[in-house]
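Peer 1: Dropping a structure here in structure tokens format, bear with me for questions.
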Amino acid sequence: MDEVHEERSQPLDQEEDNEIRTESAAFVQGEPPQDGNGPPKVDSEVEVLHEKVTKQIIKEGHGQKPSKYATCFYQEEDNEIRTESAAFVQGEPPQDGNGPPKVDSEVEVLHEKVTKQIIKEGHGQKPSKYATCFLHYRAWTESTLHKFEDTWNEQKPVELVLGKEKKEMTGLAIGLSSMKSGERALLHVGWELGYGKEGSFSFPNVPPMADIIYEAELIGFDETKEGKARGDMTVEERIGAADRRKMDGNALFKEEKLEEAMQQYEMAIAYMGDDFMFQLFGKYRDMALAVKNPCHLNMAACMIKLKRYEEAIMQCNVVLAEEENNAKALFRRGKARAELGQTDAAREDYLKVRKFAPEDKAVARELRLLAEHDKALYQKQKEIYKGIFGPRPEPKPKRTNWLVLFWQWLLSLFYRLFKRERYKAD
């Protein structure tokens, strides 16, 4: 049934004294605005703090000024005292998995505004100008570590043509041009090569002049002189490009280069996304599925070999959504389920396959293995319970009580005599 088919560790600089300072509550609460609605009238001298920031003192404070990364408390109009979280202010990366990864590799300067740290090494050549790159990435604003985009959640690779990328992707494109297929890296991009001075107030929402951190993985790329994107290809061209990627993946699969093979299959699938498949009917849809479904099945085969069983099940489910009786998808899903201990679900898949291929030896073998597994599990459970409750006690032989037997004989004798005398009287 088988068919071939890491972040630059750059937390914000911390000072030696991380002590959280606070002033007395009376100072923090301060005086309310004079008229209760608008800003107060202030006649004090205007102090220029920044090109875009000025200050006028309403009430003098006391003591020291807060240093960098101090936790500051302030009050808004609702009289609620607010504080920034210490982890955010002190520049510590979030520990919930939503922040960029910690990376200890060497920092490589690609551009005045772009640096790179390798998380996972790639293989092969680097893409040239006008190559069509397929990638996944996550993006955070460097100052707040707010994640504003994650293509892994959508499970759809992004397509980017080097040299023809959008303006806000310039820094990301510089990073991609230095990467190899399969490489994952952490990129730090200055705002000048990101969303610029104005930022973005639609989707994604990026504040003005925000430096960006990317965690990017280059799945693979196509070298084309004209830099032709998928959207500019005809149906035949897209299916042909996907089929070539599938064949490349098959060759890598035969060489047991499973990770590289999966990258080729994923790129092939990227040519036939949901938006493209939705537009196809008749023979063109059949042609596309004849390439797309084997890619999903081959990815499932790779994932089973790599013991990534949940992901293998997902790939099989994609095929079964199109062809509910696809024997290979049912067989491989059953195999992944069996490895996860889901024996009942696995047996159900195998029995469905046997309806379409009753003579298939692989299905019979897997069903026999499931039966042996269930038998072994039953014996093991039997031994466990035997050890818990102990062996069943054997009944002890009762001892003969001669005294009881004598009294029983004596009573029966008196009864017979009494019955005899009564008979004579009658």
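Every chain in the structure tokens has a letter given in the order shown (A, B, ...), and although residue numbers restart at 1 in each chain, ligands are simply numbered from 1 in the order shown.
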Extract, using only C-alpha atoms, all DNA, RNA and protein residues at most 9 Å from Ala242 (chain A), discarding same-chain residues fewer than 3 positions from it, and format them as a list in words.
Peer 2: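 Close residues of Ala242 (chain A): Glu237, Arg238, Ile239, Arg245, Lys246, Met247, Gln264, Tyr265, Met267, Ala268, Ile269, Ala270, Tyr271, Met272, Ala288, Val291 and Lys292 of chain A.
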Peer 1: Can you tell me which residues surround Glu260 (chain A) at a distance of at most 12 Å, considering only C-alpha atoms, apart from same-chain residues fewer than 3 positions away, and format the answer as a ChimeraX atom specification?
Peer 2: /A:122-124,180-183,218-220,245-246,248-257,263-267,299,302
Peer 1: Which parts of region 123-334 of chain A does DSSP call strand (DSSP E) when run on the backbone here, written out as a PyMOL selection string?
Peer 2: chain A and resi 132-141+147-150+158-161+184-189+212-222
Peer 1: In region 321-357 of chain A, what's alpha helix (DSSP H) per DSSP? Answer as a PyMOL selection string?
Peer 2: chain A and resi 321-322+327-339+343-356
Peer 1: With N, CA, C and O atoms retained, write the just-selected residues as a compact mmCIF listing (two decimals), in the first residue's frame.
Peer 2:
```txt
# COMPACT_ATOMS: atom_id res chain seq x y z
N ALA A 321 -11.82 13.82 2.37
CA ALA A 321 -12.86 14.84 2.16
C ALA A 321 -13.24 14.92 0.68
O ALA A 321 -14.38 15.27 0.35
N GLU A 322 -12.30 14.60 -0.21
CA GLU A 322 -12.58 14.59 -1.65
C GLU A 322 -13.04 13.21 -2.12
O GLU A 322 -13.92 13.10 -2.96
N ALA A 327 -8.71 4.10 -0.82
CA ALA A 327 -8.17 2.99 -0.04
C ALA A 327 -6.84 3.34 0.62
O ALA A 327 -6.60 2.98 1.78
N LYS A 328 -5.97 4.07 -0.09
CA LYS A 328 -4.66 4.41 0.49
C LYS A 328 -4.80 5.38 1.65
O LYS A 328 -4.10 5.27 2.66
N ALA A 329 -5.72 6.32 1.53
CA ALA A 329 -5.93 7.26 2.63
C ALA A 329 -6.48 6.53 3.86
O ALA A 329 -6.05 6.79 4.99
N LEU A 330 -7.43 5.62 3.65
CA LEU A 330 -7.98 4.85 4.77
C LEU A 330 -6.91 3.97 5.40
O LEU A 330 -6.82 3.87 6.64
N PHE A 331 -6.10 3.33 4.56
CA PHE A 331 -5.06 2.43 5.09
C PHE A 331 -4.04 3.20 5.92
O PHE A 331 -3.69 2.79 7.03
N ARG A 332 -3.56 4.34 5.40
CA ARG A 332 -2.53 5.09 6.12
C ARG A 332 -3.09 5.77 7.37
O ARG A 332 -2.41 5.88 8.38
N ARG A 333 -4.34 6.20 7.29
CA ARG A 333 -4.95 6.75 8.50
C ARG A 333 -5.11 5.66 9.55
O ARG A 333 -4.87 5.89 10.75
N GLY A 334 -5.49 4.46 9.12
CA GLY A 334 -5.60 3.35 10.05
C GLY A 334 -4.27 3.02 10.70
O GLY A 334 -4.19 2.74 11.90
N LYS A 335 -3.20 3.07 9.90
CA LYS A 335 -1.87 2.78 10.45
C LYS A 335 -1.46 3.82 11.49
O LYS A 335 -0.91 3.48 12.55
N ALA A 336 -1.73 5.11 11.19
CA ALA A 336 -1.39 6.16 12.15
C ALA A 336 -2.22 6.04 13.42
O ALA A 336 -1.72 6.22 14.54
N ARG A 337 -3.51 5.71 13.25
CA ARG A 337 -4.37 5.54 14.43
C ARG A 337 -3.92 4.37 15.28
O ARG A 337 -3.94 4.43 16.52
N ALA A 338 -3.52 3.28 14.62
CA ALA A 338 -3.03 2.11 15.37
C ALA A 338 -1.80 2.47 16.19
O ALA A 338 -1.65 2.03 17.34
N GLU A 339 -0.90 3.27 15.63
CA GLU A 339 0.31 3.67 16.35
C GLU A 339 -0.02 4.56 17.55
O GLU A 339 0.72 4.58 18.53
N THR A 343 -7.12 1.69 18.52
CA THR A 343 -7.28 0.42 17.80
C THR A 343 -8.67 0.26 17.18
O THR A 343 -8.79 -0.29 16.09
N ASP A 344 -9.71 0.72 17.86
CA ASP A 344 -11.05 0.56 17.31
C ASP A 344 -11.21 1.38 16.03
O ASP A 344 -11.77 0.90 15.03
N ALA A 345 -10.73 2.63 16.06
CA ALA A 345 -10.81 3.48 14.86
C ALA A 345 -9.94 2.92 13.74
O ALA A 345 -10.33 2.95 12.57
N ALA A 346 -8.77 2.39 14.09
CA ALA A 346 -7.88 1.80 13.08
C ALA A 346 -8.54 0.59 12.43
O ALA A 346 -8.50 0.42 11.20
N ARG A 347 -9.15 -0.26 13.25
CA ARG A 347 -9.81 -1.46 12.71
C ARG A 347 -10.95 -1.06 11.77
O ARG A 347 -11.17 -1.70 10.72
N GLU A 348 -11.67 -0.01 12.13
CA GLU A 348 -12.76 0.47 11.27
C GLU A 348 -12.22 0.89 9.90
O GLU A 348 -12.83 0.59 8.86
N ASP A 349 -11.08 1.60 9.89
CA ASP A 349 -10.47 2.00 8.61
C ASP A 349 -10.04 0.78 7.80
O ASP A 349 -10.26 0.70 6.59
N TYR A 350 -9.40 -0.18 8.46
CA TYR A 350 -8.92 -1.38 7.75
C TYR A 350 -10.07 -2.20 7.17
O TYR A 350 -9.96 -2.74 6.06
N LEU A 351 -11.17 -2.29 7.92
CA LEU A 351 -12.32 -3.06 7.41
C LEU A 351 -12.93 -2.39 6.19
O LEU A 351 -13.42 -3.06 5.27
N LYS A 352 -12.92 -1.05 6.16
CA LYS A 352 -13.41 -0.34 4.97
C LYS A 352 -12.51 -0.63 3.78
O LYS A 352 -12.99 -0.83 2.66
N VAL A 353 -11.19 -0.66 4.02
CA VAL A 353 -10.27 -0.94 2.92
C VAL A 353 -10.50 -2.36 2.40
O VAL A 353 -10.46 -2.60 1.19
N ARG A 354 -10.77 -3.30 3.30
CA ARG A 354 -10.93 -4.70 2.87
C ARG A 354 -12.14 -4.89 1.96
O ARG A 354 -12.17 -5.81 1.15
N LYS A 355 -13.13 -3.99 2.09
CA LYS A 355 -14.28 -4.07 1.18
C LYS A 355 -13.85 -3.83 -0.26
O LYS A 355 -14.41 -4.43 -1.19
N PHE A 356 -12.88 -2.92 -0.44
CA PHE A 356 -12.45 -2.57 -1.79
C PHE A 356 -11.28 -3.44 -2.25
O PHE A 356 -11.06 -3.58 -3.45
```
Peer 1: For Asp211 (chain A), work out the shell of residues within 8 Å, counting only C-alpha atoms and skipping chain neighbours fewer than 5 positions away, then give it as a list in words.
Peer 2: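 So the residues in contact are Thr141, Glu142, Ser143, His188, Val189, Gly190, Trp191 and Gly194 of chain A.
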Peer 1: Could you tell me how far CA of Ala300 (chain A) lies from CA of Leu340 (chain A), in Å and to one decimal?
Peer 2: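 Going from CA of Ala300 (chain A) over to CA of Leu340 (chain A) covers 14.5 Å.
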